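Asker: One structure is given below, represented as structure tokens, and several questions about it will come after.
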Amino acid sequence: QNLLFFGGGLIFVALLLVTMTTRDVVSRIRMLTAASEKMAGGDLAISISSSRQDELGVLMRSFDDMRVKVKTARDELERRTKELSSLLSVSEILASLTDLSNLDEALGNVLDRILEVVKENTGSIFLLNEAGKLCCRASRGLPEEYAKTCLRVGEGLTGAVARSGKTRVADLSKGNGEVDPGLAADSLKSFVSVPLSSKGQVLGVLNVASQESRQFSPEDVRLL
């Protein structure tokens, strides 16, 4: 009788453990299946992880790592596609010019597209005129007086970039960089100036500024 009761108790405990384990495994498999279906549908935001050290826990963590990598790759692809689309748009705007009478309007459209891509609302485009001065031909988010200004080569940050032919990134919030005449240093925090060149000759300068402190990345500079 003792053996019978003891054996029956062991069987009950074993069945209870098996039931609990099965429910846990089934629950995690269902979670993994639901996550894989959402991932197949394009939803890469859902996160699934497990602290368990068994095979299923390892599988769930591996699946989540794969999800993160796929999401990163997709985001990078979307960013590159947007960049290429922007470059194509700029190219089409400039290619549509039949003469230089609409150049300022075209440059304004180009500047709008550029600012949209880098997620800023302040910038300008300067071109060298026949007298050798840099004149603002398009401006957004900057004082009206500045939008009508002409600078000497070497004057201010824009003039320095035109002279050197090299991109400059300035952190104005730390006093690192000289602003152009007509701009208040305390109104802008970050500034990047890119020379516009053709066949090794500088024709002008593209400026993008931020009213918030921002670190322009090498990717931002490359795109500009």
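Please note that chains go A, B, ... in the order of the structure tokens, that every chain numbers its residues from 1, and that ligands are numbered from 1 in the order shown.
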Could you go through region 11-189 of chain A and tell me which residues DSSP, when run on the backbone, assigns to helix (DSSP H, G or I), listing them as a PyMOL selection string?
Answerer: chain A and resi 11-40+55-95+100-118+144-147+156-164+172-174+185-187
Asker: So that I have them on file, write out the residues from the current selection with C-alpha atoms, as a JSON list (two decimals), in the first residue's frame.
Answerer:
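result_16.json, written as the output of this step:
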```json
[["chain", "number", "residue", "atom", "x", "y", "z"],
["A", 11, "ILE", "CA", 3.03, 9.86, -11.00],
["A", 12, "PHE", "CA", 0.79, 12.80, -10.01],
["A", 13, "VAL", "CA", 3.78, 15.06, -9.41],
["A", 14, "ALA", "CA", 5.36, 13.92, -12.68],
["A", 15, "LEU", "CA", 2.13, 14.60, -14.59],
["A", 16, "LEU", "CA", 1.84, 18.02, -12.95],
["A", 17, "LEU", "CA", 5.42, 18.90, -13.94],
["A", 18, "VAL", "CA", 4.90, 17.64, -17.49],
["A", 19, "THR", "CA", 1.67, 19.67, -17.78],
["A", 20, "MET", "CA", 3.33, 22.85, -16.51],
["A", 21, "THR", "CA", 6.37, 22.37, -18.74],
["A", 22, "THR", "CA", 4.19, 21.62, -21.77],
["A", 23, "ARG", "CA", 2.08, 24.73, -21.18],
["A", 24, "ASP", "CA", 5.22, 26.88, -20.86],
["A", 25, "VAL", "CA", 6.73, 25.43, -24.04],
["A", 26, "VAL", "CA", 3.46, 25.74, -25.99],
["A", 27, "SER", "CA", 3.00, 29.34, -24.76],
["A", 28, "ARG", "CA", 6.49, 30.34, -25.87],
["A", 29, "ILE", "CA", 6.11, 28.55, -29.21],
["A", 30, "ARG", "CA", 2.84, 30.43, -29.79],
["A", 31, "MET", "CA", 4.59, 33.69, -28.91],
["A", 32, "LEU", "CA", 7.40, 32.87, -31.35],
["A", 33, "THR", "CA", 4.90, 31.90, -34.06],
["A", 34, "ALA", "CA", 2.91, 35.12, -33.61],
["A", 35, "ALA", "CA", 6.11, 37.18, -33.73],
["A", 36, "SER", "CA", 7.29, 35.43, -36.90],
["A", 37, "GLU", "CA", 3.92, 36.06, -38.57],
["A", 38, "LYS", "CA", 4.07, 39.76, -37.68],
["A", 39, "MET", "CA", 7.67, 39.92, -38.90],
["A", 40, "ALA", "CA", 6.63, 38.28, -42.18],
["A", 55, "GLU", "CA", 16.94, 25.45, -26.26],
["A", 56, "LEU", "CA", 13.71, 27.37, -26.81],
["A", 57, "GLY", "CA", 15.04, 30.37, -24.87],
["A", 58, "VAL", "CA", 18.18, 30.38, -27.03],
["A", 59, "LEU", "CA", 16.00, 30.15, -30.16],
["A", 60, "MET", "CA", 13.85, 33.10, -29.04],
["A", 61, "ARG", "CA", 16.90, 35.28, -28.36],
["A", 62, "SER", "CA", 18.41, 34.32, -31.73],
["A", 63, "PHE", "CA", 15.13, 35.17, -33.44],
["A", 64, "ASP", "CA", 15.05, 38.58, -31.73],
["A", 65, "ASP", "CA", 18.66, 39.26, -32.76],
["A", 66, "MET", "CA", 17.69, 38.44, -36.35],
["A", 67, "ARG", "CA", 14.70, 40.79, -36.10],
["A", 68, "VAL", "CA", 16.92, 43.65, -34.91],
["A", 69, "LYS", "CA", 19.41, 43.08, -37.73],
["A", 70, "VAL", "CA", 16.65, 42.92, -40.36],
["A", 71, "LYS", "CA", 15.09, 46.12, -39.00],
["A", 72, "THR", "CA", 18.46, 47.89, -39.06],
["A", 73, "ALA", "CA", 19.09, 46.75, -42.63],
["A", 74, "ARG", "CA", 15.60, 47.85, -43.73],
["A", 75, "ASP", "CA", 15.97, 51.27, -42.07],
["A", 76, "GLU", "CA", 19.34, 51.75, -43.76],
["A", 77, "LEU", "CA", 17.87, 50.72, -47.12],
["A", 78, "GLU", "CA", 14.99, 53.17, -46.69],
["A", 79, "ARG", "CA", 17.42, 55.94, -45.77],
["A", 80, "ARG", "CA", 19.64, 55.24, -48.80],
["A", 81, "THR", "CA", 16.59, 55.05, -51.07],
["A", 82, "LYS", "CA", 15.41, 58.43, -49.78],
["A", 83, "GLU", "CA", 18.88, 59.88, -50.39],
["A", 84, "LEU", "CA", 18.98, 58.56, -53.95],
["A", 85, "SER", "CA", 15.48, 59.88, -54.56],
["A", 86, "SER", "CA", 16.58, 63.30, -53.31],
["A", 87, "LEU", "CA", 19.69, 63.31, -55.50],
["A", 88, "LEU", "CA", 17.57, 62.33, -58.51],
["A", 89, "SER", "CA", 15.10, 65.11, -57.67],
["A", 90, "VAL", "CA", 17.90, 67.69, -57.47],
["A", 91, "SER", "CA", 19.35, 66.42, -60.74],
["A", 92, "GLU", "CA", 15.97, 66.68, -62.47],
["A", 93, "ILE", "CA", 15.42, 70.23, -61.17],
["A", 94, "LEU", "CA", 18.78, 71.40, -62.52],
["A", 95, "ALA", "CA", 18.50, 69.43, -65.75],
["A", 100, "LEU", "CA", 19.82, 80.79, -66.37],
["A", 101, "SER", "CA", 16.81, 83.10, -66.07],
["A", 102, "ASN", "CA", 15.11, 80.67, -63.64],
["A", 103, "LEU", "CA", 18.29, 79.71, -61.78],
["A", 104, "ASP", "CA", 17.32, 81.32, -58.45],
["A", 105, "GLU", "CA", 13.96, 79.57, -58.44],
["A", 106, "ALA", "CA", 15.61, 76.25, -59.26],
["A", 107, "LEU", "CA", 18.21, 76.72, -56.51],
["A", 108, "GLY", "CA", 15.41, 77.52, -54.07],
["A", 109, "ASN", "CA", 13.72, 74.23, -54.96],
["A", 110, "VAL", "CA", 17.02, 72.40, -54.61],
["A", 111, "LEU", "CA", 17.61, 73.96, -51.18],
["A", 112, "ASP", "CA", 14.12, 72.95, -50.04],
["A", 113, "ARG", "CA", 14.81, 69.35, -51.07],
["A", 114, "ILE", "CA", 18.18, 69.31, -49.32],
["A", 115, "LEU", "CA", 16.78, 70.71, -46.07],
["A", 116, "GLU", "CA", 13.98, 68.15, -46.18],
["A", 117, "VAL", "CA", 16.49, 65.31, -46.39],
["A", 118, "VAL", "CA", 18.74, 66.52, -43.56],
["A", 144, "GLU", "CA", 16.15, 88.89, -45.10],
["A", 145, "GLU", "CA", 19.22, 91.15, -45.10],
["A", 146, "TYR", "CA", 21.48, 88.10, -45.18],
["A", 147, "ALA", "CA", 19.51, 86.66, -48.10],
["A", 156, "GLY", "CA", 33.14, 84.63, -42.99],
["A", 157, "LEU", "CA", 32.67, 80.87, -42.94],
["A", 158, "THR", "CA", 31.15, 80.79, -46.44],
["A", 159, "GLY", "CA", 34.03, 82.79, -47.90],
["A", 160, "ALA", "CA", 36.60, 80.61, -46.12],
["A", 161, "VAL", "CA", 35.08, 77.46, -47.63],
["A", 162, "ALA", "CA", 35.02, 79.06, -51.10],
["A", 163, "ARG", "CA", 38.71, 79.91, -50.75],
["A", 164, "SER", "CA", 39.86, 76.53, -49.40],
["A", 172, "LEU", "CA", 28.86, 77.65, -32.98],
["A", 173, "SER", "CA", 27.48, 76.82, -29.53],
["A", 174, "LYS", "CA", 31.10, 76.33, -28.38],
["A", 185, "ALA", "CA", 26.13, 83.83, -33.69],
["A", 186, "ASP", "CA", 23.69, 83.13, -30.86],
["A", 187, "SER", "CA", 20.80, 82.31, -33.25]]
```
Asker: Identify, on the basis of only C-alpha atoms, every residue whose closest approach to region 125-142 of chain A does not exceed 7 Å; exclude the query and any residue fewer than 3 positions from it along the same chain; express the result as an mmCIF file with N, CA and C atoms, in the first residue's frame.
Answerer:
```cif
data_model
loop_
_atom_site.group_PDB
_atom_site.id
_atom_site.type_symbol
_atom_site.label_atom_id
_atom_site.label_comp_id
_atom_site.auth_asym_id
_atom_site.auth_seq_id
_atom_site.Cartn_x
_atom_site.Cartn_y
_atom_site.Cartn_z
ATOM 1 N N ASP A 104 17.598 81.089 -59.874
ATOM 2 C CA ASP A 104 17.324 81.319 -58.450
ATOM 3 C C ASP A 104 16.140 80.482 -57.980
ATOM 4 N N LEU A 107 17.367 76.902 -57.695
ATOM 5 C CA LEU A 107 18.214 76.723 -56.513
ATOM 6 C C LEU A 107 17.381 76.720 -55.237
ATOM 7 N N GLY A 108 16.317 77.528 -55.219
ATOM 8 C CA GLY A 108 15.414 77.516 -54.069
ATOM 9 C C GLY A 108 14.750 76.163 -53.902
ATOM 10 N N ASN A 121 15.636 73.363 -41.348
ATOM 11 C CA ASN A 121 14.845 74.373 -42.058
ATOM 12 C C ASN A 121 15.626 75.659 -42.299
ATOM 13 N N THR A 122 16.950 75.591 -42.114
ATOM 14 C CA THR A 122 17.785 76.777 -42.280
ATOM 15 C C THR A 122 18.949 76.458 -43.211
ATOM 16 N N TYR A 146 20.453 89.082 -44.841
ATOM 17 C CA TYR A 146 21.484 88.104 -45.179
ATOM 18 C C TYR A 146 21.190 87.479 -46.545
ATOM 19 N N ALA A 147 19.901 87.286 -46.838
ATOM 20 C CA ALA A 147 19.508 86.656 -48.102
ATOM 21 C C ALA A 147 19.863 87.520 -49.305
ATOM 22 N N LYS A 148 20.180 88.802 -49.066
ATOM 23 C CA LYS A 148 20.518 89.708 -50.169
ATOM 24 C C LYS A 148 22.008 90.064 -50.176
ATOM 25 N N THR A 149 22.773 89.409 -49.321
ATOM 26 C CA THR A 149 24.170 89.814 -49.142
ATOM 27 C C THR A 149 25.108 89.195 -50.165
ATOM 28 N N CYS A 150 26.241 89.853 -50.372
ATOM 29 C CA CYS A 150 27.342 89.310 -51.167
ATOM 30 C C CYS A 150 28.599 89.362 -50.305
ATOM 31 N N LEU A 151 29.376 88.316 -50.335
ATOM 32 C CA LEU A 151 30.583 88.217 -49.512
ATOM 33 C C LEU A 151 31.818 88.135 -50.396
ATOM 34 N N ARG A 152 32.917 88.612 -49.856
ATOM 35 C CA ARG A 152 34.194 88.423 -50.538
ATOM 36 C C ARG A 152 34.692 87.008 -50.271
ATOM 37 N N VAL A 153 35.446 86.473 -51.202
ATOM 38 C CA VAL A 153 36.068 85.169 -50.979
ATOM 39 C C VAL A 153 37.019 85.292 -49.796
ATOM 40 N N LEU A 203 32.501 77.006 -57.513
ATOM 41 C CA LEU A 203 31.514 77.913 -58.109
ATOM 42 C C LEU A 203 30.635 78.563 -57.055
ATOM 43 N N GLY A 204 30.604 77.993 -55.871
ATOM 44 C CA GLY A 204 29.755 78.530 -54.820
ATOM 45 C C GLY A 204 29.840 77.696 -53.562
ATOM 46 N N VAL A 205 28.915 77.955 -52.639
ATOM 47 C CA VAL A 205 28.922 77.264 -51.346
ATOM 48 C C VAL A 205 27.482 76.952 -50.933
ATOM 49 N N LEU A 206 27.275 75.748 -50.434
ATOM 50 C CA LEU A 206 26.002 75.336 -49.866
ATOM 51 C C LEU A 206 26.122 75.336 -48.350
ATOM 52 N N ASN A 207 25.225 76.032 -47.675
ATOM 53 C CA ASN A 207 25.228 76.092 -46.211
ATOM 54 C C ASN A 207 23.971 75.445 -45.646
#
```
Asker: Just list the residues in region 80-220 of chain A DSSP gives strand (DSSP E or B) on the backbone, as a ChimeraX atom specification.
Answerer: /A:122-128,134-140,150-151,168-171,176,190-198,201-210
Asker: Those residues with C-alpha atoms, as a CSV table (one decimal), in the first residue's frame please?
Answerer:
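Output contents, as saved in out_18.csv:
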```csv
chain,number,residue,atom,x,y,z
A,122,THR,CA,17.8,76.8,-42.3
A,123,GLY,CA,20.2,77.0,-45.2
A,124,SER,CA,21.5,79.0,-48.1
A,125,ILE,CA,23.3,78.7,-51.5
A,126,PHE,CA,25.9,81.2,-52.6
A,127,LEU,CA,27.3,81.5,-56.1
A,128,LEU,CA,30.3,83.4,-57.4
A,134,LEU,CA,29.8,85.2,-53.4
A,135,CYS,CA,26.2,86.3,-53.6
A,136,CYS,CA,23.3,84.5,-51.9
A,137,ARG,CA,21.0,83.1,-54.5
A,138,ALA,CA,18.7,81.0,-52.2
A,139,SER,CA,18.0,81.2,-48.5
A,140,ARG,CA,15.6,79.6,-46.0
A,150,CYS,CA,27.3,89.3,-51.2
A,151,LEU,CA,30.6,88.2,-49.5
A,168,ARG,CA,33.7,73.0,-42.8
A,169,VAL,CA,31.6,71.9,-39.9
A,170,ALA,CA,31.3,74.4,-37.1
A,171,ASP,CA,29.9,74.1,-33.6
A,176,ASN,CA,34.1,76.9,-32.8
A,190,SER,CA,25.6,74.2,-35.7
A,191,PHE,CA,26.7,75.0,-39.3
A,192,VAL,CA,28.1,73.0,-42.2
A,193,SER,CA,29.4,74.6,-45.4
A,194,VAL,CA,30.1,72.6,-48.5
A,195,PRO,CA,31.9,73.9,-51.6
A,196,LEU,CA,30.0,73.6,-54.9
A,197,SER,CA,32.6,72.7,-57.5
A,198,SER,CA,32.9,71.7,-61.1
A,201,GLN,CA,36.8,75.0,-59.7
A,202,VAL,CA,34.7,76.3,-56.8
A,203,LEU,CA,31.5,77.9,-58.1
A,204,GLY,CA,29.8,78.5,-54.8
A,205,VAL,CA,28.9,77.3,-51.3
A,206,LEU,CA,26.0,75.3,-49.9
A,207,ASN,CA,25.2,76.1,-46.2
A,208,VAL,CA,23.0,74.1,-43.8
A,209,ALA,CA,22.5,75.4,-40.3
A,210,SER,CA,20.7,74.2,-37.2
```
Asker: Please indicate the distance in Å from CA of Thr167 (chain A) to CA of Ser96 (chain A), rounded to one decimal place.
Answerer: 27.6 Å
Asker: CA of Leu183 (chain A) and CA of Arg214 (chain A), how far apart in Å?
Answerer: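 One can read the CA of Arg214 (chain A) to CA of Leu183 (chain A) distance as 18.1 Å.
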Asker: So how far away is CA of Lys119 (chain A) from CA of Ser217 (chain A), in Å?
Answerer: 12.9 Å
Asker: Which one of A:Pro143, A:Gly9, A:Gly41, A:Gly200 sits closest to Gly182 (chain A) if you count only C-alpha atoms?
Answerer: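 That would be A:Pro143, the residue with the smallest distance to Gly182 (chain A).
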